[in-house]
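Undergrad: My structure is in input-v5.pdb, and what it holds is PDB, N, CA and C atoms:
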ATOM      1  N   MET A  16       0.826  -1.198   0.000  1.00  0.00           N
ATOM      2  CA  MET A  16       0.000   0.000   0.000  1.00  0.00           C
ATOM      3  C   MET A  16       0.868   1.260   0.000  1.00  0.00           C
ATOM      4  N   LYS A  17       1.985   1.228   0.704  1.00  0.00           N
ATOM      5  CA  LYS A  17       2.863   2.392   0.747  1.00  0.00           C
ATOM      6  C   LYS A  17       3.471   2.675  -0.622  1.00  0.00           C
ATOM      7  N   ARG A  18       3.818   1.617  -1.342  1.00  0.00           N
ATOM      8  CA  ARG A  18       4.409   1.809  -2.666  1.00  0.00           C
ATOM      9  C   ARG A  18       3.389   2.406  -3.640  1.00  0.00           C
ATOM     10  N   LYS A  19       2.138   2.005  -3.506  1.00  0.00           N
ATOM     11  CA  LYS A  19       1.091   2.535  -4.362  1.00  0.00           C
ATOM     12  C   LYS A  19       0.909   4.036  -4.107  1.00  0.00           C
ATOM     13  N   ASN A  20       0.878   4.414  -2.840  1.00  0.00           N
ATOM     14  CA  ASN A  20       0.750   5.830  -2.503  1.00  0.00           C
ATOM     15  C   ASN A  20       1.953   6.626  -2.985  1.00  0.00           C
ATOM     16  N   LEU A  21       3.133   6.065  -2.842  1.00  0.00           N
ATOM     17  CA  LEU A  21       4.341   6.743  -3.299  1.00  0.00           C
ATOM     18  C   LEU A  21       4.311   6.945  -4.812  1.00  0.00           C
ATOM     19  N   THR A  22       3.868   5.947  -5.539  1.00  0.00           N
ATOM     20  CA  THR A  22       3.778   6.052  -6.994  1.00  0.00           C
ATOM     21  C   THR A  22       2.780   7.135  -7.401  1.00  0.00           C
ATOM     22  N   ILE A  23       1.657   7.192  -6.736  1.00  0.00           N
ATOM     23  CA  ILE A  23       0.657   8.214  -7.040  1.00  0.00           C
ATOM     24  C   ILE A  23       1.215   9.599  -6.747  1.00  0.00           C
ATOM     25  N   ILE A  24       1.893   9.764  -5.629  1.00  0.00           N
ATOM     26  CA  ILE A  24       2.474  11.061  -5.279  1.00  0.00           C
ATOM     27  C   ILE A  24       3.524  11.477  -6.299  1.00  0.00           C
ATOM     28  N   ILE A  25       4.341  10.535  -6.747  1.00  0.00           N
ATOM     29  CA  ILE A  25       5.367  10.849  -7.740  1.00  0.00           C
ATOM     30  C   ILE A  25       4.731  11.271  -9.056  1.00  0.00           C
ATOM     31  N   PHE A  26       3.696  10.559  -9.494  1.00  0.00           N
ATOM     32  CA  PHE A  26       3.015  10.933 -10.738  1.00  0.00           C
ATOM     33  C   PHE A  26       2.362  12.313 -10.629  1.00  0.00           C
ATOM     34  N   VAL A  27       1.683  12.577  -9.534  1.00  0.00           N
ATOM     35  CA  VAL A  27       1.015  13.873  -9.360  1.00  0.00           C
ATOM     36  C   VAL A  27       2.044  14.997  -9.308  1.00  0.00           C
ATOM     37  N   ALA A  28       3.128  14.788  -8.577  1.00  0.00           N
ATOM     38  CA  ALA A  28       4.184  15.805  -8.516  1.00  0.00           C
ATOM     39  C   ALA A  28       4.787  16.038  -9.898  1.00  0.00           C
ATOM     40  N   GLY A  29       4.978  14.977 -10.650  1.00  0.00           N
ATOM     41  CA  GLY A  29       5.527  15.107 -11.993  1.00  0.00           C
ATOM     42  C   GLY A  29       4.605  15.862 -12.923  1.00  0.00           C
ATOM     43  N   ILE A  30       3.330  15.556 -12.855  1.00  0.00           N
ATOM     44  CA  ILE A  30       2.363  16.240 -13.720  1.00  0.00           C
ATOM     45  C   ILE A  30       2.267  17.721 -13.361  1.00  0.00           C
ATOM     46  N   LEU A  31       2.193  18.010 -12.062  1.00  0.00           N
ATOM     47  CA  LEU A  31       2.069  19.406 -11.648  1.00  0.00           C
ATOM     48  C   LEU A  31       3.319  20.220 -11.979  1.00  0.00           C
ATOM     49  N   THR A  32       4.498  19.655 -11.751  1.00  0.00           N
ATOM     50  CA  THR A  32       5.716  20.408 -12.059  1.00  0.00           C
ATOM     51  C   THR A  32       5.902  20.566 -13.568  1.00  0.00           C
ATOM     52  N   THR A  33       5.524  19.568 -14.333  1.00  0.00           N
ATOM     53  CA  THR A  33       5.622  19.692 -15.789  1.00  0.00           C
ATOM     54  C   THR A  33       4.674  20.773 -16.299  1.00  0.00           C
ATOM     55  N   LEU A  34       3.449  20.781 -15.817  1.00  0.00           N
ATOM     56  CA  LEU A  34       2.498  21.817 -16.218  1.00  0.00           C
ATOM     57  C   LEU A  34       2.969  23.204 -15.802  1.00  0.00           C
ATOM     58  N   TYR A  35       3.489  23.317 -14.593  1.00  0.00           N
ATOM     59  CA  TYR A  35       3.990  24.608 -14.127  1.00  0.00           C
ATOM     60  C   TYR A  35       5.149  25.083 -15.003  1.00  0.00           C
ATOM     61  N   GLY A  36       6.048  24.179 -15.325  1.00  0.00           N
ATOM     62  CA  GLY A  36       7.184  24.526 -16.179  1.00  0.00           C
ATOM     63  C   GLY A  36       6.746  24.953 -17.564  1.00  0.00           C
ATOM     64  N   MET A  37       5.691  24.343 -18.076  1.00  0.00           N
ATOM     65  CA  MET A  37       5.183  24.731 -19.391  1.00  0.00           C
ATOM     66  C   MET A  37       4.490  26.090 -19.341  1.00  0.00           C
ATOM     67  N   MET A  38       3.710  26.324 -18.298  1.00  0.00           N
ATOM     68  CA  MET A  38       2.943  27.561 -18.211  1.00  0.00           C
ATOM     69  C   MET A  38       3.824  28.777 -17.903  1.00  0.00           C
ATOM     70  N   LYS A  39       4.840  28.599 -17.092  1.00  0.00           N
ATOM     71  CA  LYS A  39       5.710  29.711 -16.696  1.00  0.00           C
ATOM     72  C   LYS A  39       6.966  29.795 -17.556  1.00  0.00           C
ATOM     73  N   ASP A  40       7.054  28.970 -18.570  1.00  0.00           N
ATOM     74  CA  ASP A  40       8.216  28.953 -19.466  1.00  0.00           C
ATOM     75  C   ASP A  40       9.526  28.741 -18.704  1.00  0.00           C
ATOM     76  N   ASN A  41       9.498  27.767 -17.793  1.00  0.00           N
ATOM     77  CA  ASN A  41      10.638  27.460 -16.950  1.00  0.00           C
ATOM     78  C   ASN A  41      11.142  26.059 -17.329  1.00  0.00           C
ATOM     79  N   ASN A  42      12.233  26.013 -18.071  1.00  0.00           N
ATOM     80  CA  ASN A  42      12.726  24.734 -18.590  1.00  0.00           C
ATOM     81  C   ASN A  42      13.221  23.788 -17.502  1.00  0.00           C
ATOM     82  N   GLU A  43      13.851  24.325 -16.466  1.00  0.00           N
ATOM     83  CA  GLU A  43      14.392  23.466 -15.402  1.00  0.00           C
ATOM     84  C   GLU A  43      13.272  22.726 -14.674  1.00  0.00           C
ATOM     85  N   VAL A  44      12.209  23.441 -14.335  1.00  0.00           N
ATOM     86  CA  VAL A  44      11.083  22.816 -13.640  1.00  0.00           C
ATOM     87  C   VAL A  44      10.394  21.801 -14.548  1.00  0.00           C
ATOM     88  N   PHE A  45      10.282  22.108 -15.818  1.00  0.00           N
ATOM     89  CA  PHE A  45       9.683  21.192 -16.785  1.00  0.00           C
ATOM     90  C   PHE A  45      10.466  19.877 -16.835  1.00  0.00           C
ATOM     91  N   ILE A  46      11.784  19.970 -16.885  1.00  0.00           N
ATOM     92  CA  ILE A  46      12.620  18.757 -16.958  1.00  0.00           C
ATOM     93  C   ILE A  46      12.540  17.956 -15.663  1.00  0.00           C
ATOM     94  N   ILE A  47      12.486  18.641 -14.529  1.00  0.00           N
ATOM     95  CA  ILE A  47      12.339  17.945 -13.246  1.00  0.00           C
ATOM     96  C   ILE A  47      11.011  17.191 -13.219  1.00  0.00           C
ATOM     97  N   GLY A  48       9.953  17.798 -13.737  1.00  0.00           N
ATOM     98  CA  GLY A  48       8.660  17.131 -13.810  1.00  0.00           C
ATOM     99  C   GLY A  48       8.705  15.889 -14.680  1.00  0.00           C
ATOM    100  N   LEU A  49       9.410  15.984 -15.802  1.00  0.00           N
ATOM    101  CA  LEU A  49       9.555  14.808 -16.668  1.00  0.00           C
ATOM    102  C   LEU A  49      10.304  13.686 -15.965  1.00  0.00           C
ATOM    103  N   VAL A  50      11.304  14.046 -15.171  1.00  0.00           N
ATOM    104  CA  VAL A  50      12.050  13.031 -14.418  1.00  0.00           C
ATOM    105  C   VAL A  50      11.128  12.331 -13.424  1.00  0.00           C
ATOM    106  N   PHE A  51      10.278  13.091 -12.733  1.00  0.00           N
ATOM    107  CA  PHE A  51       9.317  12.483 -11.810  1.00  0.00           C
ATOM    108  C   PHE A  51       8.384  11.522 -12.542  1.00  0.00           C
ATOM    109  N   ILE A  52       7.910  11.912 -13.700  1.00  0.00           N
ATOM    110  CA  ILE A  52       7.008  11.056 -14.469  1.00  0.00           C
ATOM    111  C   ILE A  52       7.721   9.780 -14.911  1.00  0.00           C
ATOM    112  N   ILE A  53       8.972   9.888 -15.330  1.00  0.00           N
ATOM    113  CA  ILE A  53       9.730   8.711 -15.758  1.00  0.00           C
ATOM    114  C   ILE A  53       9.966   7.763 -14.580  1.00  0.00           C
ATOM    115  N   VAL A  54      10.266   8.317 -13.410  1.00  0.00           N
ATOM    116  CA  VAL A  54      10.466   7.475 -12.219  1.00  0.00           C
ATOM    117  C   VAL A  54       9.163   6.769 -11.847  1.00  0.00           C
ATOM    118  N   GLY A  55       8.064   7.484 -11.899  1.00  0.00           N
ATOM    119  CA  GLY A  55       6.769   6.857 -11.615  1.00  0.00           C
ATOM    120  C   GLY A  55       6.452   5.744 -12.596  1.00  0.00           C
ATOM    121  N   TYR A  56       6.744   5.979 -13.867  1.00  0.00           N
ATOM    122  CA  TYR A  56       6.519   4.953 -14.888  1.00  0.00           C
ATOM    123  C   TYR A  56       7.396   3.726 -14.622  1.00  0.00           C
ATOM    124  N   ALA A  57       8.630   3.963 -14.213  1.00  0.00           N
ATOM    125  CA  ALA A  57       9.527   2.836 -13.924  1.00  0.00           C
ATOM    126  C   ALA A  57       8.989   1.998 -12.767  1.00  0.00           C
ATOM    127  N   LEU A  58       8.421   2.642 -11.766  1.00  0.00           N
ATOM    128  CA  LEU A  58       7.837   1.901 -10.648  1.00  0.00           C
ATOM    129  C   LEU A  58       6.637   1.075 -11.099  1.00  0.00           C
ATOM    130  N   VAL A  59       5.799   1.646 -11.946  1.00  0.00           N
ATOM    131  CA  VAL A  59       4.620   0.929 -12.434  1.00  0.00           C
ATOM    132  C   VAL A  59       5.041  -0.202 -13.366  1.00  0.00           C
ATOM    133  N   ARG A  60       6.045   0.060 -14.187  1.00  0.00           N
ATOM    134  CA  ARG A  60       6.472  -0.941 -15.166  1.00  0.00           C
ATOM    135  C   ARG A  60       7.018  -2.196 -14.494  1.00  0.00           C
ATOM    136  N   THR A  61       7.775  -2.043 -13.415  1.00  0.00           N
ATOM    137  CA  THR A  61       8.293  -3.230 -12.724  1.00  0.00           C
ATOM    138  C   THR A  61       7.144  -4.058 -12.163  1.00  0.00           C
ATOM    139  N   LYS A  62       6.134  -3.394 -11.636  1.00  0.00           N
ATOM    140  CA  LYS A  62       4.970  -4.113 -11.108  1.00  0.00           C
ATOM    141  C   LYS A  62       4.212  -4.837 -12.227  1.00  0.00           C
ATOM    142  N   LEU A  63       4.055  -4.181 -13.369  1.00  0.00           N
ATOM    143  CA  LEU A  63       3.364  -4.806 -14.493  1.00  0.00           C
ATOM    144  C   LEU A  63       4.148  -5.987 -15.057  1.00  0.00           C
ATOM    145  N   ARG A  64       5.455  -5.858 -15.099  1.00  0.00           N
ATOM    146  CA  ARG A  64       6.263  -6.977 -15.602  1.00  0.00           C
ATOM    147  C   ARG A  64       6.130  -8.199 -14.707  1.00  0.00           C
ATOM    148  N   ARG A  65       6.090  -7.989 -13.399  1.00  0.00           N
ATOM    149  CA  ARG A  65       5.902  -9.112 -12.496  1.00  0.00           C
ATOM    150  C   ARG A  65       4.519  -9.724 -12.667  1.00  0.00           C
ATOM    151  N   TYR A  66       3.521  -8.895 -12.928  1.00  0.00           N
ATOM    152  CA  TYR A  66       2.160  -9.382 -13.054  1.00  0.00           C
ATOM    153  C   TYR A  66       1.949 -10.152 -14.358  1.00  0.00           C
ATOM    154  N   PHE A  67       2.449  -9.625 -15.467  1.00  0.00           N
ATOM    155  CA  PHE A  67       2.230 -10.252 -16.750  1.00  0.00           C
ATOM    156  C   PHE A  67       3.346 -11.201 -17.169  1.00  0.00           C
ATOM    157  N   GLY A  68       4.412 -11.232 -16.437  1.00  0.00           N
ATOM    158  CA  GLY A  68       5.525 -12.098 -16.781  1.00  0.00           C
ATOM    159  C   GLY A  68       6.471 -11.429 -17.746  1.00  0.00           C
ATOM    160  N   GLU A  69       7.343 -12.170 -18.310  1.00  0.00           N
ATOM    161  CA  GLU A  69       8.371 -11.627 -19.209  1.00  0.00           C
ATOM    162  C   GLU A  69       7.946 -11.684 -20.671  1.00  0.00           C
ATOM    163  N   LYS A  70       6.671 -11.505 -20.964  1.00  0.00           N
ATOM    164  CA  LYS A  70       6.182 -11.531 -22.343  1.00  0.00           C
ATOM    165  C   LYS A  70       6.573 -10.268 -23.098  1.00  0.00           C
ATOM    166  N   SER A  71       6.675  -9.129 -22.385  1.00  0.00           N
ATOM    167  CA  SER A  71       6.963  -7.844 -23.030  1.00  0.00           C
ATOM    168  C   SER A  71       8.442  -7.668 -23.255  1.00  0.00           C
TER
END
Just give me the structure as structure tokens.
TA:
Amino acid sequence: MKRKNLTIIIFVAGILTTLYGMMKDNNEVFIIGLVFIIVGYALVRTKLRRYFGEKS
């Protein structure tokens, strides 16, 4: 349950920082947001690979 909450927080932080970086024309914040989104995806991907096996 803790990992699920952490993943959700990382995705939300990534989305919000990416949007803020786009709206305020701030490249550094935009890139940090993308990093958060990539980390969140990596966490989800490992869980999906375990669930579906090594087919992908």
Undergrad: Can you list what the PyMOL selection byres (((chain A and resi 47-58 and name CA) around 6) and name CA) grabs from this structure, as an MDAnalysis selection string?
TA: chainID A and resid 22 25:26 29 32:33 44:46 59:61
Undergrad: Record the distance separating CA of Ile23 (chain A) and CA of Asn41 (chain A), expressed in Å with one decimal.
TA: 23.8 Å
Undergrad: When you draw a straight line from atom N of Leu31 (chain A) to atom C of Arg18 (chain A), how long is it in Å?
TA: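 Those two atoms sit 17.8 Å apart.
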Undergrad: Between atom N of Tyr66 (chain A) and atom C of Leu21 (chain A), what is the distance in Å, rounded to a tenth?
TA: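 So the answer is 17.8 Å.
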